[in-house]
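Enquirer: Got upload.cif for you, mmCIF, C-alpha atoms, pLDDT in the B column; chains and numbers go by the auth columns:
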```
data_target
loop_
_atom_site.group_PDB
_atom_site.id
_atom_site.type_symbol
_atom_site.label_atom_id
_atom_site.label_comp_id
_atom_site.label_asym_id
_atom_site.label_seq_id
_atom_site.Cartn_x
_atom_site.Cartn_y
_atom_site.Cartn_z
_atom_site.B_iso_or_equiv
_atom_site.auth_seq_id
_atom_site.auth_asym_id
ATOM 1 C CA MET A 1 70.082 -14.556 -34.746 57.00 510 R
ATOM 2 C CA GLY A 2 67.411 -15.631 -32.250 62.00 511 R
ATOM 3 C CA ILE A 3 64.291 -17.587 -33.023 62.00 512 R
ATOM 4 C CA LYS A 4 61.277 -15.427 -33.553 61.00 513 R
ATOM 5 C CA SER A 5 57.904 -16.527 -32.154 59.00 514 R
ATOM 6 C CA PHE A 6 54.858 -15.928 -34.290 62.00 515 R
ATOM 7 C CA GLN A 7 52.428 -16.961 -31.569 63.00 516 R
ATOM 8 C CA GLY A 8 52.113 -13.478 -30.200 61.00 517 R
ATOM 9 C CA VAL A 9 51.757 -12.525 -26.580 63.00 518 R
ATOM 10 C CA ARG A 10 50.616 -15.442 -24.502 61.00 519 R
ATOM 11 C CA LYS A 11 47.680 -15.023 -22.228 60.00 520 R
ATOM 12 C CA VAL A 12 48.513 -15.555 -18.582 56.00 521 R
ATOM 13 C CA PHE A 13 45.852 -17.601 -16.828 51.00 522 R
ATOM 14 C CA LYS A 14 45.246 -16.891 -13.189 49.00 523 R
ATOM 15 C CA LYS A 15 43.716 -19.588 -11.089 46.00 524 R
ATOM 16 C CA GLU A 16 41.046 -17.925 -9.051 49.00 525 R
ATOM 17 C CA PHE A 17 38.805 -19.574 -6.561 49.00 526 R
ATOM 18 C CA GLU A 18 35.373 -18.203 -7.314 55.00 527 R
ATOM 19 C CA ALA A 19 33.242 -20.396 -5.088 57.00 528 R
ATOM 20 C CA PRO A 20 31.207 -18.482 -2.502 73.00 529 R
ATOM 21 C CA ILE A 21 32.855 -18.787 0.890 86.00 530 R
ATOM 22 C CA LEU A 22 31.274 -16.016 2.931 91.00 531 R
ATOM 23 C CA VAL A 23 28.680 -16.431 5.653 93.00 532 R
ATOM 24 C CA ALA A 24 26.395 -14.122 3.640 93.00 533 R
ATOM 25 C CA ASP A 25 26.375 -16.709 0.828 92.00 534 R
ATOM 26 C CA TYR A 26 24.940 -19.467 3.032 93.00 535 R
ATOM 27 C CA MET A 27 22.926 -17.738 5.759 94.00 536 R
ATOM 28 C CA THR A 28 19.164 -17.903 6.068 93.00 537 R
ATOM 29 C CA THR A 29 17.561 -14.536 5.434 93.00 538 R
ATOM 30 C CA LYS A 30 13.868 -15.356 5.873 93.00 539 R
ATOM 31 C CA LEU A 31 13.746 -15.598 9.636 94.00 540 R
ATOM 32 C CA ILE A 32 10.984 -16.345 12.076 94.00 541 R
ATOM 33 C CA THR A 33 11.488 -13.628 14.690 95.00 542 R
ATOM 34 C CA PHE A 34 10.013 -13.068 18.116 96.00 543 R
ATOM 35 C CA SER A 35 9.291 -10.060 20.308 96.00 544 R
ATOM 36 C CA PRO A 36 10.164 -9.751 24.015 95.00 545 R
ATOM 37 C CA GLU A 37 6.462 -9.312 24.872 94.00 546 R
ATOM 38 C CA GLU A 38 5.379 -12.477 23.047 93.00 547 R
ATOM 39 C CA SER A 39 4.167 -15.334 25.228 90.00 548 R
ATOM 40 C CA ILE A 40 6.349 -18.383 25.674 88.00 549 R
ATOM 41 C CA LEU A 41 3.369 -20.525 24.625 87.00 550 R
ATOM 42 C CA ALA A 42 3.152 -18.688 21.292 91.00 551 R
ATOM 43 C CA VAL A 43 6.872 -19.241 20.789 92.00 552 R
ATOM 44 C CA MET A 44 6.548 -22.982 21.394 91.00 553 R
ATOM 45 C CA GLU A 45 3.673 -23.105 18.908 93.00 554 R
ATOM 46 C CA LYS A 46 5.793 -21.311 16.277 95.00 555 R
ATOM 47 C CA PHE A 47 8.679 -23.717 16.925 94.00 556 R
ATOM 48 C CA ALA A 48 6.371 -26.656 16.226 94.00 557 R
ATOM 49 C CA LYS A 49 4.590 -25.029 13.273 96.00 558 R
ATOM 50 C CA HIS A 50 7.748 -23.926 11.444 94.00 559 R
ATOM 51 C CA ARG A 51 9.916 -26.852 12.595 93.00 560 R
ATOM 52 C CA ILE A 52 12.608 -24.602 14.047 91.00 561 R
ATOM 53 C CA SER A 53 14.494 -24.810 17.301 89.00 562 R
ATOM 54 C CA GLY A 54 15.096 -21.126 17.975 91.00 563 R
ATOM 55 C CA GLY A 55 15.208 -17.626 16.623 93.00 564 R
ATOM 56 C CA PRO A 56 16.158 -14.004 17.223 95.00 565 R
ATOM 57 C CA VAL A 57 14.182 -11.695 19.487 96.00 566 R
ATOM 58 C CA LEU A 58 13.752 -8.173 18.089 96.00 567 R
ATOM 59 C CA ASP A 59 12.505 -5.033 19.799 94.00 568 R
ATOM 60 C CA LYS A 60 9.885 -2.711 18.279 94.00 569 R
ATOM 61 C CA ASN A 61 12.576 -0.945 16.239 92.00 570 R
ATOM 62 C CA GLY A 62 13.869 -4.203 14.753 91.00 571 R
ATOM 63 C CA PHE A 63 17.069 -4.362 16.790 94.00 572 R
ATOM 64 C CA LEU A 64 18.351 -7.655 18.168 95.00 573 R
ATOM 65 C CA VAL A 65 17.769 -7.874 21.926 96.00 574 R
ATOM 66 C CA GLY A 66 18.048 -11.610 22.504 95.00 575 R
ATOM 67 C CA ILE A 67 17.627 -15.113 21.194 94.00 576 R
ATOM 68 C CA ILE A 68 15.094 -17.734 22.243 94.00 577 R
ATOM 69 C CA SER A 69 15.586 -21.468 21.834 92.00 578 R
ATOM 70 C CA GLU A 70 13.981 -24.767 22.714 90.00 579 R
ATOM 71 C CA ALA A 71 16.406 -24.986 25.620 88.00 580 R
ATOM 72 C CA ASP A 72 15.033 -21.703 26.992 86.00 581 R
ATOM 73 C CA CYS A 73 11.508 -23.102 26.678 85.00 582 R
ATOM 74 C CA MET A 74 12.612 -26.181 28.617 84.00 583 R
ATOM 75 C CA LYS A 75 13.199 -23.886 31.605 77.00 584 R
ATOM 76 C CA GLN A 76 9.523 -22.887 31.513 75.00 585 R
ATOM 77 C CA ILE A 77 8.374 -26.484 31.140 77.00 586 R
ATOM 78 C CA SER A 78 10.626 -27.583 33.986 76.00 587 R
ATOM 79 C CA GLU A 79 9.458 -24.789 36.289 70.00 588 R
ATOM 80 C CA SER A 80 5.803 -25.510 35.596 66.00 589 R
ATOM 81 C CA ARG A 81 6.297 -29.195 36.418 63.00 590 R
ATOM 82 C CA TYR A 82 8.346 -28.443 39.545 56.00 591 R
ATOM 83 C CA PHE A 83 5.709 -26.083 40.953 60.00 592 R
ATOM 84 C CA ASN A 84 2.872 -28.311 39.669 59.00 593 R
ATOM 85 C CA GLN A 85 1.393 -25.492 37.617 63.00 594 R
ATOM 86 C CA PRO A 86 0.287 -25.303 34.003 60.00 595 R
ATOM 87 C CA ILE A 87 2.587 -23.617 31.532 61.00 596 R
ATOM 88 C CA LEU A 88 1.733 -19.990 32.121 62.00 597 R
ATOM 89 C CA ASP A 89 1.488 -17.234 29.584 65.00 598 R
ATOM 90 C CA LYS A 90 4.835 -15.672 30.491 81.00 599 R
ATOM 91 C CA SER A 91 6.806 -13.440 28.138 87.00 600 R
ATOM 92 C CA VAL A 92 9.813 -14.340 26.028 90.00 601 R
ATOM 93 C CA GLU A 93 11.842 -11.641 27.771 92.00 602 R
ATOM 94 C CA ARG A 94 11.902 -13.715 30.956 88.00 603 R
ATOM 95 C CA PHE A 95 13.441 -16.776 29.287 88.00 604 R
ATOM 96 C CA MET A 96 15.455 -15.517 26.301 92.00 605 R
ATOM 97 C CA THR A 97 19.224 -15.342 26.238 91.00 606 R
ATOM 98 C CA LYS A 98 20.025 -11.629 26.441 92.00 607 R
ATOM 99 C CA THR A 99 23.760 -11.762 25.819 91.00 608 R
ATOM 100 C CA VAL A 100 23.787 -12.783 22.185 91.00 609 R
ATOM 101 C CA GLU A 101 26.891 -13.846 20.334 92.00 610 R
ATOM 102 C CA THR A 102 26.681 -12.649 16.742 93.00 611 R
ATOM 103 C CA ILE A 103 28.704 -13.143 13.586 94.00 612 R
ATOM 104 C CA PRO A 104 29.516 -10.611 10.841 95.00 613 R
ATOM 105 C CA HIS A 105 28.114 -11.210 7.350 94.00 614 R
ATOM 106 C CA ASP A 106 31.472 -10.843 5.610 92.00 615 R
ATOM 107 C CA ILE A 107 33.606 -13.512 7.272 92.00 616 R
ATOM 108 C CA SER A 108 34.402 -16.837 5.662 92.00 617 R
ATOM 109 C CA ILE A 109 32.572 -20.028 6.508 91.00 618 R
ATOM 110 C CA PHE A 110 35.912 -21.381 7.752 91.00 619 R
ATOM 111 C CA ASP A 111 36.156 -18.618 10.355 92.00 620 R
ATOM 112 C CA ALA A 112 32.499 -19.200 11.204 94.00 621 R
ATOM 113 C CA ALA A 113 33.235 -22.901 11.747 93.00 622 R
ATOM 114 C CA GLY A 114 35.930 -21.867 14.216 93.00 623 R
ATOM 115 C CA ILE A 115 33.463 -19.663 16.087 93.00 624 R
ATOM 116 C CA PHE A 116 30.951 -22.515 16.268 92.00 625 R
ATOM 117 C CA ALA A 117 33.719 -24.804 17.537 91.00 626 R
ATOM 118 C CA GLN A 118 34.609 -22.336 20.325 91.00 627 R
ATOM 119 C CA HIS A 119 31.044 -21.627 21.426 86.00 628 R
ATOM 120 C CA ASN A 120 28.373 -24.179 22.089 83.00 629 R
ATOM 121 C CA ARG A 121 25.712 -22.634 19.851 84.00 630 R
ATOM 122 C CA ARG A 122 23.457 -24.191 17.215 87.00 631 R
ATOM 123 C CA ARG A 123 22.835 -20.933 15.392 89.00 632 R
ATOM 124 C CA LEU A 124 24.235 -17.409 15.327 93.00 633 R
ATOM 125 C CA PRO A 125 22.570 -14.182 14.200 95.00 634 R
ATOM 126 C CA VAL A 126 24.384 -12.573 11.260 96.00 635 R
ATOM 127 C CA MET A 127 24.911 -8.832 11.517 95.00 636 R
ATOM 128 C CA ARG A 128 25.789 -6.055 9.063 94.00 637 R
ATOM 129 C CA ASN A 129 26.416 -2.646 10.632 92.00 638 R
ATOM 130 C CA ASP A 130 24.605 -3.696 13.828 90.00 639 R
ATOM 131 C CA ILE A 131 21.506 -4.721 11.840 93.00 640 R
ATOM 132 C CA LEU A 132 20.271 -8.314 11.783 95.00 641 R
ATOM 133 C CA VAL A 133 20.488 -9.574 8.187 96.00 642 R
ATOM 134 C CA GLY A 134 20.209 -13.324 8.689 95.00 643 R
ATOM 135 C CA GLN A 135 21.109 -16.368 10.706 95.00 644 R
ATOM 136 C CA ILE A 136 23.651 -19.111 10.124 95.00 645 R
ATOM 137 C CA SER A 137 23.537 -22.536 11.701 93.00 646 R
ATOM 138 C CA ARG A 138 26.056 -25.316 12.152 92.00 647 R
ATOM 139 C CA LYS A 139 24.126 -27.233 9.501 93.00 648 R
ATOM 140 C CA ASP A 140 24.560 -24.345 7.024 93.00 649 R
ATOM 141 C CA ILE A 141 28.332 -24.477 7.589 93.00 650 R
ATOM 142 C CA VAL A 142 28.417 -28.240 7.001 92.00 651 R
ATOM 143 C CA ILE A 143 26.415 -27.828 3.767 90.00 652 R
ATOM 144 C CA ALA A 144 28.785 -25.074 2.614 89.00 653 R
ATOM 145 C CA ALA A 145 31.809 -27.267 3.334 87.00 654 R
ATOM 146 C CA LEU A 146 30.296 -30.095 1.299 86.00 655 R
ATOM 147 C CA LYS A 147 29.687 -27.759 -1.642 83.00 656 R
ATOM 148 C CA LEU A 148 33.286 -26.594 -1.490 79.00 657 R
ATOM 149 C CA SER A 149 34.837 -30.038 -1.089 71.00 658 R
ATOM 150 C CA GLY A 150 34.683 -30.980 -4.745 61.00 659 R
ATOM 151 C CA HIS A 151 32.867 -34.205 -3.976 43.00 660 R
ATOM 152 C CA ASN A 152 29.314 -34.912 -4.960 42.00 661 R
ATOM 153 C CA TYR A 153 27.341 -36.495 -2.159 39.00 662 R
ATOM 154 C CA LYS A 154 23.928 -37.874 -2.885 38.00 663 R
#
```
Rewrite the structure of this file - the entire thing - as C-alpha cells.
Expert:
Amino acid sequence: MGIKSFQGVRKVFKKEFEAPILVADYMTTKLITFSPEESILAVMEKFAKHRISGGPVLDKNGFLVGIISEADCMKQISESRYFNQPILDKSVERFMTKTVETIPHDISIFDAAGIFAQHNRRRLPVMRNDILVGQISRKDIVIAALKLSGHNYK
C-alpha cells in the first residue's frame, strides 16, 4: 500500500517578472511642445527656461509634424554669425527636423535601447495609434535599466 499524503494539493508557484519594462512606463508625458509658426527665438527661450534640449513640433490639430532641438537652433545661430546679422525672428518650420523617427508606446525598454543605439538621437517621440503620447530619452532608458538591475545606486 502506498504512502498517503495529508498535505493536500500543493500550490504551484510561478515566477513572474512584474517589473515595468515598457516604454510607456518610463516616458515623459508632460511635454513642452512647439508649433511650426513659432519663432526660433521663442524656442531658444523655452529651452533655457525649462532646461530642455528639444521637443516635438505639433500642428494646429495636435499631430506631430517635426522635432526641434538645440542642434537645429545652432544652424540659426551659425547663419546669423556667418552673414553678420542678428538672430532673426524666423519660424521653427524652417529649422525643425521634418522626418521624425518615432517609437511605439508598447515596446520594451530593451528594444528602445536598440533603437537608440542604431540612430543617433537623444530623444524619440512616443506614439500610440499615430497620436503623440509622450517622449522617451536615452537618459530615461538608462534610469529604467538601473531600476531593473536589482542594484541600488545612490
Enquirer: Could you tell me which residues the PyMOL selection byres ((chain R and resi 639) around 10) grabs in this file, written as a list in words?
Expert: Phe572, Leu573, Thr611, Pro613, Val635, Met636, Arg637, Asn638, Ile640, Leu641 and Val642 of chain R
Enquirer: The PyMOL selection byres ((chain R and resi 529-538) around 7) on the file shown: which residues, as a VMD selection string?
Expert: chain R and resid 527 to 528 539 to 540 614 to 618 642 to 645 649 653
Enquirer: Going by the chain IDs and residue numbers used in this file, which residues fall under the PyMOL selection byres ((chain R and resi 559-568) around 7)? Write them as a PyMOL selection string.
Expert: chain R and resi 541-545+555-558+569-579
Enquirer: With distances taken over all atoms listed in the file, which residue among R:Arg603, R:Lys656, R:Arg647, R:Lys584 lies nearest Asn629 of chain R?
Expert: R:Arg647
Enquirer: For a quick check of understanding, using only C-alpha atoms, which of R:Thr608, R:Gln627, R:Ser646, R:Ser600 has the smallest distance to Leu550 of chain R?
Expert: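 For Leu550 of chain R, the nearest of the candidates is R:Ser600.
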Enquirer: Can you work out which one of R:Ala580, R:Val609, R:Ala551, R:Ala654 has the shortest atom-to-atom distance to Ala622 of chain R, counting only C-alpha atoms?
Expert: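 Comparing R:Ala580, R:Val609, R:Ala551, R:Ala654 against Ala622 of chain R, the winner is R:Ala654.
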Enquirer: May I ask for the distance between atom CA of Arg630 of chain R and atom CA of Gln585 of chain R, given in Å to one decimal place?
Expert: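 Spanning atom CA of Arg630 of chain R to atom CA of Gln585 of chain R is a straight-line distance of 20.0 Å.
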Enquirer: Which residue, R:Ile549, R:Ile586, R:Val651, R:Val601, has the smallest gap to Phe625 of chain R when you use all atoms listed in the file?
Expert: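 Distance minimum relative to Phe625 of chain R lands on R:Val651.
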Enquirer: For a test of reading the model, state the distance in Å between atom CA of Phe604 of chain R and atom CA of Asp581 of chain R, rounded to one decimal.
Expert: 5.7 Å
Enquirer: Would you mind reading off the distance between atom CA of Ala626 of chain R and atom CA of Ile650 of chain R, one decimal, in Å?
Expert: 11.3 Å
